[in-house]
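> Sending over data-v3.csv (CSV, C-alpha atoms and all ligand atoms).
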```
chain,number,residue,atom,x,y,z
A,1,MET,CA,66.1,92.4,24.4
A,2,LEU,CA,63.5,90.5,22.4
A,3,ALA,CA,59.8,91.2,22.4
A,4,VAL,CA,56.7,90.3,20.4
A,5,VAL,CA,55.8,93.0,17.9
A,6,ASN,CA,52.5,93.5,16.0
A,7,THR,CA,52.7,92.8,12.3
A,8,PRO,CA,49.1,93.4,11.1
A,9,GLN,CA,49.7,93.3,7.4
A,10,ALA,CA,52.0,90.3,7.4
A,11,SER,CA,51.1,86.6,7.0
A,12,ALA,CA,51.7,86.0,10.7
A,13,PRO,CA,50.0,88.5,13.1
A,14,VAL,CA,53.1,88.9,15.3
A,15,THR,CA,56.8,88.4,15.2
A,16,ILE,CA,59.7,88.5,17.7
A,17,GLU,CA,62.1,91.4,17.2
A,18,GLU,CA,65.0,93.0,19.0
A,19,VAL,CA,63.8,96.2,20.8
A,20,ALA,CA,65.2,98.7,23.3
A,21,ALA,CA,65.0,97.4,26.9
A,22,PRO,CA,62.5,99.3,29.0
A,23,SER,CA,63.6,102.0,31.4
A,24,ALA,CA,61.7,101.8,34.6
A,25,ALA,CA,60.2,104.9,36.2
A,26,SER,CA,61.0,105.4,39.9
A,27,ASN,CA,57.7,103.7,40.9
A,28,GLU,CA,58.2,100.8,38.6
A,29,ALA,CA,60.0,97.4,39.0
A,30,LEU,CA,61.8,95.8,36.1
A,31,VAL,CA,60.4,92.3,35.7
A,32,ARG,CA,62.1,89.4,33.8
A,33,VAL,CA,59.0,87.9,32.2
A,34,GLN,CA,58.6,84.1,32.4
A,35,ALA,CA,55.0,83.7,31.2
A,36,SER,CA,52.1,85.8,30.0
A,37,SER,CA,48.7,85.1,28.6
A,38,VAL,CA,46.3,86.2,25.8
A,39,ASN,CA,43.2,88.3,26.7
A,40,ARG,CA,40.4,88.4,24.1
A,41,GLY,CA,40.7,92.2,23.9
A,42,GLU,CA,44.2,91.8,22.6
A,43,LEU,CA,43.0,89.8,19.6
A,44,ALA,CA,41.1,93.0,18.5
A,45,LEU,CA,44.0,95.3,19.3
A,46,LEU,CA,46.4,93.2,17.2
A,47,LYS,CA,44.2,94.0,14.2
A,48,ALA,CA,43.6,97.6,15.1
A,49,ARG,CA,47.1,98.8,16.2
A,50,PRO,CA,49.9,99.6,13.7
A,51,TYR,CA,53.0,97.6,12.9
A,52,GLY,CA,55.4,97.8,15.9
A,53,TRP,CA,52.8,98.0,18.6
A,54,ARG,CA,53.8,95.7,21.5
A,55,PRO,CA,51.0,93.5,23.0
A,56,GLY,CA,50.8,91.9,26.4
A,57,GLN,CA,48.9,92.9,29.6
A,58,ASP,CA,49.5,89.9,31.9
A,59,VAL,CA,53.0,89.2,33.3
A,60,ALA,CA,54.4,86.6,35.7
A,61,GLY,CA,58.1,86.7,36.3
A,62,ILE,CA,61.0,87.7,38.6
A,63,VAL,CA,62.0,91.2,39.8
A,64,GLU,CA,65.2,92.0,38.0
A,65,GLU,CA,65.5,95.6,39.4
A,66,ALA,CA,63.4,96.9,42.4
A,67,ALA,CA,61.6,100.2,42.1
A,68,ALA,CA,64.0,103.2,42.8
A,69,ASP,CA,61.5,104.8,45.1
A,70,GLY,CA,61.7,101.8,47.5
A,71,SER,CA,58.1,100.7,46.8
A,72,GLY,CA,57.3,97.1,45.7
A,73,PRO,CA,59.1,93.8,46.2
A,74,PRO,CA,63.0,93.4,46.2
A,75,VAL,CA,65.2,91.9,43.5
A,76,GLY,CA,64.6,88.1,43.0
A,77,THR,CA,60.9,88.1,44.1
A,78,ARG,CA,58.5,86.0,42.1
A,79,VAL,CA,55.6,88.3,41.0
A,80,LEU,CA,52.6,88.7,38.8
A,81,GLY,CA,51.3,92.0,37.5
A,82,ILE,CA,49.4,94.0,34.9
A,83,VAL,CA,50.8,96.4,32.3
A,84,GLU,CA,49.0,98.4,29.6
A,85,ASP,CA,50.9,96.7,26.8
A,86,ALA,CA,54.4,95.4,25.9
A,87,GLY,CA,54.2,92.5,28.4
A,88,TRP,CA,55.0,89.8,25.8
A,89,ALA,CA,58.7,90.5,26.1
A,90,GLN,CA,61.8,89.4,28.0
A,91,TYR,CA,61.6,92.4,30.3
A,92,VAL,CA,58.9,94.8,31.2
A,93,SER,CA,58.6,97.7,33.7
A,94,VAL,CA,55.5,97.4,36.0
A,95,PRO,CA,54.1,100.0,38.4
A,96,THR,CA,54.6,98.6,41.9
A,97,ASP,CA,50.9,99.2,42.7
A,98,GLN,CA,50.0,96.8,39.9
A,99,ILE,CA,52.2,93.9,41.3
A,100,ALA,CA,51.5,91.0,43.7
A,101,VAL,CA,54.0,88.6,45.2
A,102,LEU,CA,53.7,85.0,43.9
A,103,GLY,CA,54.0,82.0,46.3
A,104,HIS,CA,56.6,79.3,45.4
A,105,THR,CA,53.9,76.7,44.9
A,106,VAL,CA,52.3,78.5,42.0
A,107,SER,CA,53.9,78.2,38.6
A,108,PHE,CA,54.5,81.2,36.4
A,109,GLU,CA,52.2,79.6,33.8
A,110,GLN,CA,49.3,79.4,36.4
A,111,ALA,CA,50.0,83.0,37.6
A,112,ALA,CA,49.9,84.3,34.0
A,113,THR,CA,46.2,83.3,33.8
A,114,LEU,CA,45.3,85.6,36.6
A,115,PRO,CA,46.0,89.3,36.2
A,116,LEU,CA,43.4,90.8,33.9
A,117,ALA,CA,41.0,87.9,33.9
A,118,GLY,CA,41.2,87.4,37.6
A,119,LEU,CA,40.8,91.1,38.3
A,120,ALA,CA,37.7,91.3,36.0
A,121,ALA,CA,36.3,88.2,37.7
A,122,LEU,CA,36.8,89.5,41.2
A,123,ARG,CA,35.7,93.0,40.6
A,124,THR,CA,32.6,92.2,38.5
A,125,LEU,CA,31.4,89.8,41.3
A,126,ARG,CA,31.8,92.5,43.9
A,127,TYR,CA,28.8,94.3,42.3
A,128,GLY,CA,26.7,91.5,43.7
A,129,ALA,CA,27.8,92.4,47.3
A,130,ASP,CA,26.9,89.5,49.6
A,131,LEU,CA,26.5,86.5,47.3
A,132,LEU,CA,25.6,84.0,50.1
A,133,GLY,CA,22.6,82.1,48.9
A,134,ARG,CA,22.1,84.5,45.9
A,135,ARG,CA,21.5,83.2,42.3
A,136,VAL,CA,24.3,84.2,39.9
A,137,LEU,CA,24.3,83.7,36.1
A,138,ILE,CA,27.6,83.8,34.3
A,139,THR,CA,27.8,84.1,30.5
A,140,GLY,CA,31.0,83.3,28.7
A,141,ALA,CA,31.6,80.9,31.6
A,142,SER,CA,34.0,78.6,29.6
A,143,GLY,CA,36.4,81.5,29.0
A,144,GLY,CA,39.4,82.9,31.0
A,145,VAL,CA,37.3,85.3,33.1
A,146,GLY,CA,34.2,83.1,33.3
A,147,ARG,CA,36.0,80.1,34.8
A,148,LEU,CA,37.4,82.2,37.6
A,149,GLN,CA,34.0,83.9,38.2
A,150,VAL,CA,32.3,80.5,38.6
A,151,GLN,CA,34.8,79.4,41.2
A,152,LEU,CA,34.8,82.7,43.1
A,153,ALA,CA,31.0,83.1,43.1
A,154,ALA,CA,30.5,79.5,44.3
A,155,ARG,CA,33.2,80.0,47.0
A,156,ARG,CA,31.2,83.0,48.3
A,157,GLY,CA,28.1,80.8,48.7
A,158,ALA,CA,26.1,81.6,45.5
A,159,GLU,CA,24.1,79.3,43.4
A,160,VAL,CA,25.9,79.6,40.1
A,161,ILE,CA,24.4,78.9,36.7
A,162,ALA,CA,27.1,78.9,34.0
A,163,VAL,CA,26.4,79.6,30.3
A,164,ALA,CA,28.8,77.7,28.0
A,165,SER,CA,28.6,76.1,24.6
A,166,PRO,CA,28.1,72.4,24.4
A,167,GLY,CA,31.6,70.8,24.5
A,168,HIS,CA,33.1,73.8,26.3
A,169,ALA,CA,31.6,73.1,29.6
A,170,LYS,CA,34.0,70.6,30.9
A,171,GLY,CA,35.1,71.3,34.5
A,172,LEU,CA,32.5,73.9,35.2
A,173,LEU,CA,30.4,71.7,37.5
A,174,VAL,CA,33.5,70.7,39.4
A,175,SER,CA,34.4,74.3,39.7
A,176,GLY,CA,31.2,75.0,41.6
A,177,ALA,CA,28.5,75.6,39.0
A,178,SER,CA,25.1,74.1,40.1
A,179,ALA,CA,24.2,73.8,36.4
A,180,VAL,CA,25.5,74.6,33.0
A,181,VAL,CA,23.2,75.7,30.2
A,182,SER,CA,24.2,76.4,26.6
A,183,ASP,CA,22.0,79.6,26.2
A,184,VAL,CA,20.9,82.2,28.7
A,185,ARG,CA,17.3,81.5,27.7
A,186,GLU,CA,17.6,77.9,29.0
A,187,ALA,CA,18.4,79.2,32.5
A,188,SER,CA,15.3,78.8,34.7
A,189,GLY,CA,14.1,81.3,37.3
A,190,LEU,CA,15.4,84.8,37.9
A,191,PHE,CA,18.9,85.9,39.1
A,192,ASP,CA,20.2,88.4,41.7
A,193,LEU,CA,23.4,89.0,39.7
A,194,ILE,CA,24.3,88.4,36.0
A,195,THR,CA,27.8,88.9,34.7
A,196,GLU,CA,27.5,89.4,30.9
A,197,SER,CA,30.4,89.3,28.5
A,198,VAL,CA,28.9,88.0,25.3
A,199,GLY,CA,26.5,90.7,24.1
A,200,GLY,CA,23.9,90.5,21.4
A,201,THR,CA,21.1,88.0,22.2
A,202,ALA,CA,22.9,86.9,25.4
A,203,LEU,CA,22.6,90.4,26.9
A,204,ALA,CA,18.9,90.7,25.7
A,205,ALA,CA,18.2,87.3,27.4
A,206,ALA,CA,20.0,88.4,30.5
A,207,ILE,CA,17.5,91.3,31.0
A,208,SER,CA,14.7,88.7,30.8
A,209,ARG,CA,16.4,86.7,33.6
A,210,ILE,CA,17.2,89.4,36.2
A,211,LYS,CA,15.2,89.8,39.4
A,212,PRO,CA,13.6,93.1,40.2
A,213,HIS,CA,16.4,95.1,42.0
A,214,GLY,CA,19.0,92.7,40.6
A,215,VAL,CA,22.3,93.7,39.1
A,216,ILE,CA,23.6,93.1,35.6
A,217,VAL,CA,27.4,93.7,35.1
A,218,ILE,CA,28.3,94.2,31.4
A,219,PHE,CA,32.1,93.7,31.0
A,220,GLY,CA,32.6,92.2,27.5
A,221,ALA,CA,31.1,91.8,24.1
A,222,SER,CA,32.7,88.7,22.8
A,223,SER,CA,30.1,88.1,20.1
A,224,GLY,CA,30.6,91.6,18.7
A,225,GLU,CA,26.9,91.9,18.3
A,226,LYS,CA,24.8,94.8,19.5
A,227,THR,CA,21.7,94.5,21.7
A,228,PRO,CA,18.5,96.4,21.0
A,229,ILE,CA,17.0,97.4,24.4
A,230,SER,CA,13.6,98.9,25.2
A,231,LEU,CA,12.1,100.1,28.4
A,232,TYR,CA,9.4,97.5,28.1
A,233,ASP,CA,12.1,94.7,28.3
A,234,PHE,CA,12.3,95.6,32.0
A,235,LEU,CA,8.6,95.0,32.8
A,236,GLY,CA,8.8,92.4,35.6
A,237,HIS,CA,12.5,93.3,36.1
A,238,GLU,CA,12.0,96.8,37.5
A,239,ASN,CA,14.7,98.7,39.4
A,240,VAL,CA,17.5,96.7,37.9
A,241,THR,CA,20.9,98.2,38.0
A,242,ILE,CA,23.3,97.9,35.0
A,243,HIS,CA,26.9,98.4,35.7
A,244,VAL,CA,29.6,98.7,33.0
A,245,PHE,CA,32.9,97.4,34.1
A,246,MET,CA,36.1,98.6,32.5
A,247,SER,CA,39.2,97.4,34.4
A,248,TYR,CA,41.4,100.4,33.3
A,249,ALA,CA,38.8,102.9,34.5
A,250,SER,CA,39.0,101.9,38.2
A,251,PRO,CA,40.4,104.3,40.8
A,252,HIS,CA,41.5,101.4,42.9
A,253,PRO,CA,45.1,100.0,42.4
A,254,PHE,CA,45.3,96.5,41.0
A,255,GLY,CA,48.0,95.2,43.4
A,256,PRO,CA,45.8,94.3,46.4
A,257,ASP,CA,43.3,92.4,44.3
A,258,LEU,CA,46.1,90.6,42.4
A,259,GLN,CA,47.5,89.6,45.8
A,260,ILE,CA,44.1,88.1,46.9
A,261,LEU,CA,44.0,86.1,43.7
A,262,ALA,CA,47.6,84.9,44.0
A,263,ASP,CA,47.0,83.9,47.7
A,264,LEU,CA,43.8,82.0,46.8
A,265,VAL,CA,45.7,80.0,44.2
A,266,ALA,CA,48.6,79.4,46.6
A,267,ALA,CA,46.1,78.1,49.2
A,268,GLU,CA,44.6,75.8,46.5
A,269,ARG,CA,41.2,77.6,46.9
A,270,LEU,CA,41.2,78.9,43.4
A,271,HIS,CA,42.4,76.8,40.4
A,272,PRO,CA,43.7,78.5,37.3
A,273,HIS,CA,42.6,76.8,34.1
A,274,ILE,CA,45.1,76.7,31.3
A,275,ALA,CA,43.5,75.8,28.0
A,276,HIS,CA,46.6,75.9,25.9
A,277,THR,CA,50.3,76.7,26.4
A,278,ALA,CA,52.2,78.3,23.5
A,279,ALA,CA,55.9,79.2,23.2
A,280,TRP,CA,56.2,82.9,22.3
A,281,SER,CA,58.0,81.9,19.1
A,282,ASP,CA,54.9,80.0,18.0
A,283,LEU,CA,52.0,82.3,18.8
A,284,ALA,CA,50.2,82.5,15.5
A,285,PRO,CA,48.3,79.2,15.6
A,286,ALA,CA,47.2,79.8,19.2
A,287,LEU,CA,45.9,83.3,18.5
A,288,ALA,CA,44.0,82.0,15.5
A,289,ALA,CA,42.5,79.1,17.5
A,290,LEU,CA,41.3,81.5,20.3
A,291,GLN,CA,39.8,83.8,17.7
A,292,GLN,CA,38.0,81.0,16.0
A,293,ARG,CA,36.7,79.6,19.4
A,294,ARG,CA,38.6,76.4,19.0
A,295,ILE,CA,40.3,77.1,22.3
A,296,HIS,CA,38.1,78.1,25.3
A,297,GLY,CA,39.9,79.6,28.2
A,298,LYS,CA,43.3,80.9,28.8
A,299,VAL,CA,46.2,80.7,26.3
A,300,VAL,CA,49.4,80.9,28.3
A,301,ILE,CA,52.6,82.2,26.6
A,302,THR,CA,55.9,81.0,27.8
A,303,ILE,CA,58.8,83.5,27.3
A,304,ASP,CA,62.4,82.1,27.0
A,401,LIG,N1,35.9,95.2,30.7
A,401,LIG,C1,37.1,94.6,31.1
A,401,LIG,O1,37.9,95.2,31.8
A,401,LIG,C2,37.4,93.2,30.6
A,401,LIG,C3,38.5,92.5,31.2
A,401,LIG,C4,38.7,91.2,30.7
A,401,LIG,C5,37.9,90.7,29.7
A,401,LIG,N2,37.0,91.5,29.1
A,401,LIG,C6,36.1,91.0,28.1
A,401,LIG,O2,35.3,89.9,28.7
A,401,LIG,C7,35.1,88.9,27.7
A,401,LIG,C8,35.6,87.6,28.3
A,401,LIG,O3,37.0,87.6,28.3
A,401,LIG,P1,37.8,86.3,28.4
A,401,LIG,O4,39.2,86.6,28.5
A,401,LIG,O5,37.2,85.4,29.4
A,401,LIG,O6,37.5,85.7,26.9
A,401,LIG,P2,37.6,84.2,26.4
A,401,LIG,O7,38.5,83.4,27.2
A,401,LIG,O8,37.7,84.3,25.0
A,401,LIG,O9,36.1,83.7,26.7
A,401,LIG,C9,35.0,84.2,26.1
A,401,LIG,C10,33.9,83.2,26.1
A,401,LIG,O10,32.7,83.8,25.5
A,401,LIG,C11,32.0,82.7,24.9
A,401,LIG,N3,31.4,83.2,23.6
A,401,LIG,C12,30.1,83.2,23.3
A,401,LIG,N4,29.9,83.7,22.1
A,401,LIG,C13,31.1,84.0,21.6
A,401,LIG,C14,31.6,84.5,20.4
A,401,LIG,N5,30.7,84.9,19.4
A,401,LIG,N6,32.9,84.7,20.2
A,401,LIG,C15,33.8,84.4,21.2
A,401,LIG,N7,33.4,83.9,22.4
A,401,LIG,C16,32.1,83.7,22.6
A,401,LIG,C17,32.9,81.6,24.6
A,401,LIG,O11,32.3,80.5,25.3
A,401,LIG,P3,31.5,79.3,24.5
A,401,LIG,O12,32.3,79.0,23.3
A,401,LIG,O13,31.5,78.2,25.5
A,401,LIG,O14,30.2,79.9,24.3
A,401,LIG,C18,34.2,82.0,25.3
A,401,LIG,O15,34.7,80.9,26.2
A,401,LIG,C19,35.8,89.4,26.4
A,401,LIG,O16,34.8,90.0,25.6
A,401,LIG,C20,36.8,90.3,26.9
A,401,LIG,O17,37.2,91.3,25.9
A,401,LIG,C21,36.7,92.7,29.6
```
The structure in this file should be written as structure tokens.
Ligand SMILES: NC(=O)c1ccc[n+]([C@@H]2O[C@H](COP(=O)([O-])OP(=O)(O)OC[C@H]3O[C@@H](n4cnc5c(N)ncnc54)[C@H](OP(=O)(O)O)[C@@H]3O)[C@@H](O)[C@H]2O)c1

Amino acid sequence: MLAVVNTPQASAPVTIEEVAAPSAASNEALVRVQASSVNRGELALLKARPYGWRPGQDVAGIVEEAAADGSGPPVGTRVLGIVEDAGWAQYVSVPTDQIAVLGHTVSFEQAATLPLAGLAALRTLRYGADLLGRRVLITGASGGVGRLQVQLAARRGAEVIAVASPGHAKGLLVSGASAVVSDVREASGLFDLITESVGGTALAAAISRIKPHGVIVIFGASSGEKTPISLYDFLGHENVTIHVFMSYASPHPFGPDLQILADLVAAERLHPHIAHTAAWSDLAPALAALQQRRIHGKVVITID
């Protein structure tokens, strides 16, 4: 079969090569991949991992072979799922507890925006518990995770303030944000929950905007900048809880939450945002544009 392979020293960051087809473990379904998407973390991994590494965590496609242990959906089912890597390929084996069934009204391209970004959006917001009437600040709101967080938090009754660069904010008010600011420091008042994925000055400013007893969830560092923090930054923001979210470190299987996301989209209560669609044979320009912040949101990859 064909798959995208990392080529870090070459002029293009990836190429498509013939590789061995995956052999599924008894608890894995073999999925014929129709679409995937790029997660920001993969941009860093493409540079860090050696030649031959196979990227791709999000998959949407059709079950080619059901899991031998009888778990998971039967052959022919439309699904979405998460894998550790190697998802940008014609076929991938996916643990059945990391799979959800996809309704016929949802395209594979839409579904491909959901797995890692949707899981991060859903699970980071859960740290805010009951969001009804709460004030939620979302940094990186124009991105793949942020656009889903804005919709989910607004749907749960929160007053959502989105942080996005000027020119990247299109659609965020329609998605449920009460206001969009271009810098955390422009957000007025204090917040019950802040989801923070930019780092550097954004995280420092987030501390200055959290209510006493509020919750900050750190789940990304898109700026790559560090944040100096002192105890005194928390004067007026006492008893704050800071959670660090790493999707891979959760004891809870991904499948049930992926099913929630897929069902919300099928019911038209959650709207995936596709910023750019790229054929897998023409990935390099899209990867560069995402890296350089010329694309904001999900880059979907179509696999033929
Ligand atoms: N912990 C986990 O399990 C987990 C899971 C998924 C994602 N993540 C992380 O969460 C973050 C968001 O993921 P994503 O997929 O939504 O990424 P994304 O689509 O690239 O969005 C990131 C957003 O951050 C904003 N940003 C601000 N400063 C930036 C900078 N210096 N460089 C790049 N972007 C900057 C950008 O919005 P503006 O241009 O509008 O400012 C951009 O839309 C990433 O850091 C990712 O690695 C973590």
> Using only C-alpha atoms and all ligand atoms, which residues of the polymer chains come no farther than 6 Å from ligand LIG 401 (chain A)? I'd like the answer as a list in words.
Asn39, Arg40, Gly41, Leu116, Ala117, Ala120, Gly140, Ser142, Gly143, Gly144, Val145, Gly146, Ala164, Ser165, His168, Ser197, Val198, Phe219, Gly220, Ala221, Ser222, Ser223, Phe245, Met246, Ser247, Arg293, His296, Gly297 and Lys298 of chain A
> One decimal, Å: what's the distance from atom CA of A:Gln9 over to atom CA of A:Val92, could you say?
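So the two atoms, atom CA of A:Gln9 and atom CA of A:Val92, lie 25.6 Å apart.
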> Which residue, A:Pro272, A:Ile16, A:Ala68, A:Ser250, has the smallest gap to A:Pro115 when you use all atoms listed in the file?
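Of A:Pro272, A:Ile16, A:Ala68, A:Ser250, the one nearest A:Pro115 is A:Pro272, counting all atoms listed in the file.
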> Between A:Glu109, A:Ile295, A:Gly118, A:Tyr51, which one has atoms that come closest to A:Phe254, using all atoms listed in the file?
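The shortest atom-to-atom distance to A:Phe254 comes from A:Gly118.
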> Would you list the contacts of stretch 231-241 of chain A as an MDAnalysis selection string, taking every protein, DNA or RNA residue within 10 Å and counting all atoms listed in the file, but skipping same-chain residues closer than 5 positions in sequence?
chainID A and resid 127 190 192:193 204:205 207:217
> Taking all atoms listed in the file into account, name the residue in A:Ala206, A:Leu152, A:Leu283, A:Ala278 that is nearest to A:Ala35.
A:Ala278
> Using atom CA of A:Ile260 and atom CA of A:Gly103 as the two end points, give the distance in Å to one decimal.
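That distance, rounded to one decimal, is 11.6 Å.
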> Restricting the calculation to only C-alpha atoms: of A:Ala111, A:Leu125, A:Ala86, A:Ala289, which residue gets closest to A:Leu270?
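Between A:Ala111, A:Leu125, A:Ala86, A:Ala289, the residue approaching A:Leu270 most closely is A:Ala111.
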> Excluding stretch 42-48 of chain A and residues on its chain fewer than 6 positions from it, collect all residues at most 9 Å away from it, counting only C-alpha atoms, and give them as a list of chain:residue names.
A:Asn6, A:Thr7, A:Pro8, A:Gln9, A:Pro13, A:Val14, A:Arg54, A:Pro55, A:Gly56, A:Gln57, A:Leu287, A:Ala288, A:Leu290, A:Gln291
> What is the atom CA of A:Ala169 to atom CA of A:Trp280 distance in Å?
27.5 Å
> For A:Leu132, please output as a list in words all residues within 12 Å (counting all atoms listed in the file; exclusion window: fewer than 5 positions along the same chain).
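The residues that qualify are Leu152, Ala153, Ala154, Arg155, Arg156, Gly157, Ala158, Glu159, Val160, Asp192 and Leu193 of chain A.
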> I need the chosen residues saved as an mmCIF file, in the coordinates of the input, with C-alpha atoms.

```
data_model
loop_
_atom_site.group_PDB
_atom_site.id
_atom_site.type_symbol
_atom_site.label_atom_id
_atom_site.label_comp_id
_atom_site.auth_asym_id
_atom_site.auth_seq_id
_atom_site.Cartn_x
_atom_site.Cartn_y
_atom_site.Cartn_z
ATOM 1 C CA LEU A 152 34.800 82.700 43.100
ATOM 2 C CA ALA A 153 31.000 83.100 43.100
ATOM 3 C CA ALA A 154 30.500 79.500 44.300
ATOM 4 C CA ARG A 155 33.200 80.000 47.000
ATOM 5 C CA ARG A 156 31.200 83.000 48.300
ATOM 6 C CA GLY A 157 28.100 80.800 48.700
ATOM 7 C CA ALA A 158 26.100 81.600 45.500
ATOM 8 C CA GLU A 159 24.100 79.300 43.400
ATOM 9 C CA VAL A 160 25.900 79.600 40.100
ATOM 10 C CA ASP A 192 20.200 88.400 41.700
ATOM 11 C CA LEU A 193 23.400 89.000 39.700
#
```
> Out of A:Ala25, A:Ala177, A:Val150, A:Ala12, which residue has the shortest atom-to-atom distance to A:Ala286 when counting only C-alpha atoms?
A:Ala12
> Can you pull out every residue within 7 Å of A:Val63, counting all atoms listed in the file, but drop anything in the same chain fewer than 3 positions away, and send it as a list in words?
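The residues that qualify are Ala29, Leu30, Val31, Arg32, Ala66, Pro74, Val75, Gly76, Thr77 and Arg78 of chain A.
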> When distances are computed from all atoms listed in the file, which of A:Ile218, A:Val94, A:Ile274, A:Ala100 shows the smallest separation from A:Val244?
A:Ile218
> Compile the contact shell of A:Leu80 as a PyMOL selection string: residues with an atom at most 7 Å away, counting all atoms listed in the file, same-chain residues fewer than 3 positions apart removed.
chain A and resi 59-61+99-102+111
> Since the input has fewer atoms than a full residue there, write stretch 281-296 of chain A out with N, CA, C and O atoms, as an mmCIF file, in the frame of the given file.

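This is the output file out_13.cif:
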```cif
data_model
loop_
_atom_site.group_PDB
_atom_site.id
_atom_site.type_symbol
_atom_site.label_atom_id
_atom_site.label_comp_id
_atom_site.auth_asym_id
_atom_site.auth_seq_id
_atom_site.Cartn_x
_atom_site.Cartn_y
_atom_site.Cartn_z
ATOM 1 N N SER A 281 57.525 81.986 20.520
ATOM 2 C CA SER A 281 58.000 81.900 19.100
ATOM 3 C C SER A 281 57.011 81.220 18.216
ATOM 4 O O SER A 281 57.220 81.155 17.010
ATOM 5 N N ASP A 282 55.907 80.720 18.783
ATOM 6 C CA ASP A 282 54.900 80.000 18.000
ATOM 7 C C ASP A 282 53.504 80.410 18.360
ATOM 8 O O ASP A 282 52.656 79.578 18.663
ATOM 9 N N LEU A 283 53.280 81.712 18.333
ATOM 10 C CA LEU A 283 52.000 82.300 18.800
ATOM 11 C C LEU A 283 50.864 82.222 17.839
ATOM 12 O O LEU A 283 49.705 82.098 18.220
ATOM 13 N N ALA A 284 51.199 82.332 16.539
ATOM 14 C CA ALA A 284 50.200 82.500 15.500
ATOM 15 C C ALA A 284 49.048 81.482 15.573
ATOM 16 O O ALA A 284 47.851 81.837 15.564
ATOM 17 N N PRO A 285 49.382 80.176 15.635
ATOM 18 C CA PRO A 285 48.300 79.200 15.600
ATOM 19 C C PRO A 285 47.390 79.313 16.869
ATOM 20 O O PRO A 285 46.169 79.148 16.764
ATOM 21 N N ALA A 286 47.964 79.640 18.015
ATOM 22 C CA ALA A 286 47.200 79.800 19.200
ATOM 23 C C ALA A 286 46.239 80.987 19.153
ATOM 24 O O ALA A 286 45.076 80.932 19.566
ATOM 25 N N LEU A 287 46.748 82.094 18.605
ATOM 26 C CA LEU A 287 45.900 83.300 18.500
ATOM 27 C C LEU A 287 44.743 83.009 17.518
ATOM 28 O O LEU A 287 43.602 83.398 17.783
ATOM 29 N N ALA A 288 45.022 82.284 16.429
ATOM 30 C CA ALA A 288 44.000 82.000 15.500
ATOM 31 C C ALA A 288 42.924 81.026 16.115
ATOM 32 O O ALA A 288 41.713 81.199 15.945
ATOM 33 N N ALA A 289 43.393 80.052 16.874
ATOM 34 C CA ALA A 289 42.500 79.100 17.500
ATOM 35 C C ALA A 289 41.584 79.781 18.527
ATOM 36 O O ALA A 289 40.394 79.472 18.638
ATOM 37 N N LEU A 290 42.143 80.747 19.277
ATOM 38 C CA LEU A 290 41.300 81.500 20.300
ATOM 39 C C LEU A 290 40.285 82.332 19.542
ATOM 40 O O LEU A 290 39.114 82.358 19.912
ATOM 41 N N GLN A 291 40.729 82.990 18.467
ATOM 42 C CA GLN A 291 39.800 83.800 17.700
ATOM 43 C C GLN A 291 38.660 83.012 17.128
ATOM 44 O O GLN A 291 37.506 83.445 17.135
ATOM 45 N N GLN A 292 38.986 81.796 16.648
ATOM 46 C CA GLN A 292 38.000 81.000 16.000
ATOM 47 C C GLN A 292 37.191 80.095 17.003
ATOM 48 O O GLN A 292 36.454 79.208 16.622
ATOM 49 N N ARG A 293 37.429 80.321 18.302
ATOM 50 C CA ARG A 293 36.700 79.600 19.400
ATOM 51 C C ARG A 293 37.010 78.140 19.402
ATOM 52 O O ARG A 293 36.208 77.344 19.876
ATOM 53 N N ARG A 294 38.201 77.767 18.870
ATOM 54 C CA ARG A 294 38.600 76.400 19.000
ATOM 55 C C ARG A 294 39.285 76.125 20.326
ATOM 56 O O ARG A 294 39.384 75.004 20.793
ATOM 57 N N ILE A 295 39.798 77.176 20.959
ATOM 58 C CA ILE A 295 40.300 77.100 22.300
ATOM 59 C C ILE A 295 39.353 77.889 23.197
ATOM 60 O O ILE A 295 38.947 78.992 22.838
ATOM 61 N N HIS A 296 38.957 77.336 24.340
ATOM 62 C CA HIS A 296 38.100 78.100 25.300
ATOM 63 C C HIS A 296 38.792 78.148 26.595
ATOM 64 O O HIS A 296 39.018 77.160 27.255
#
```
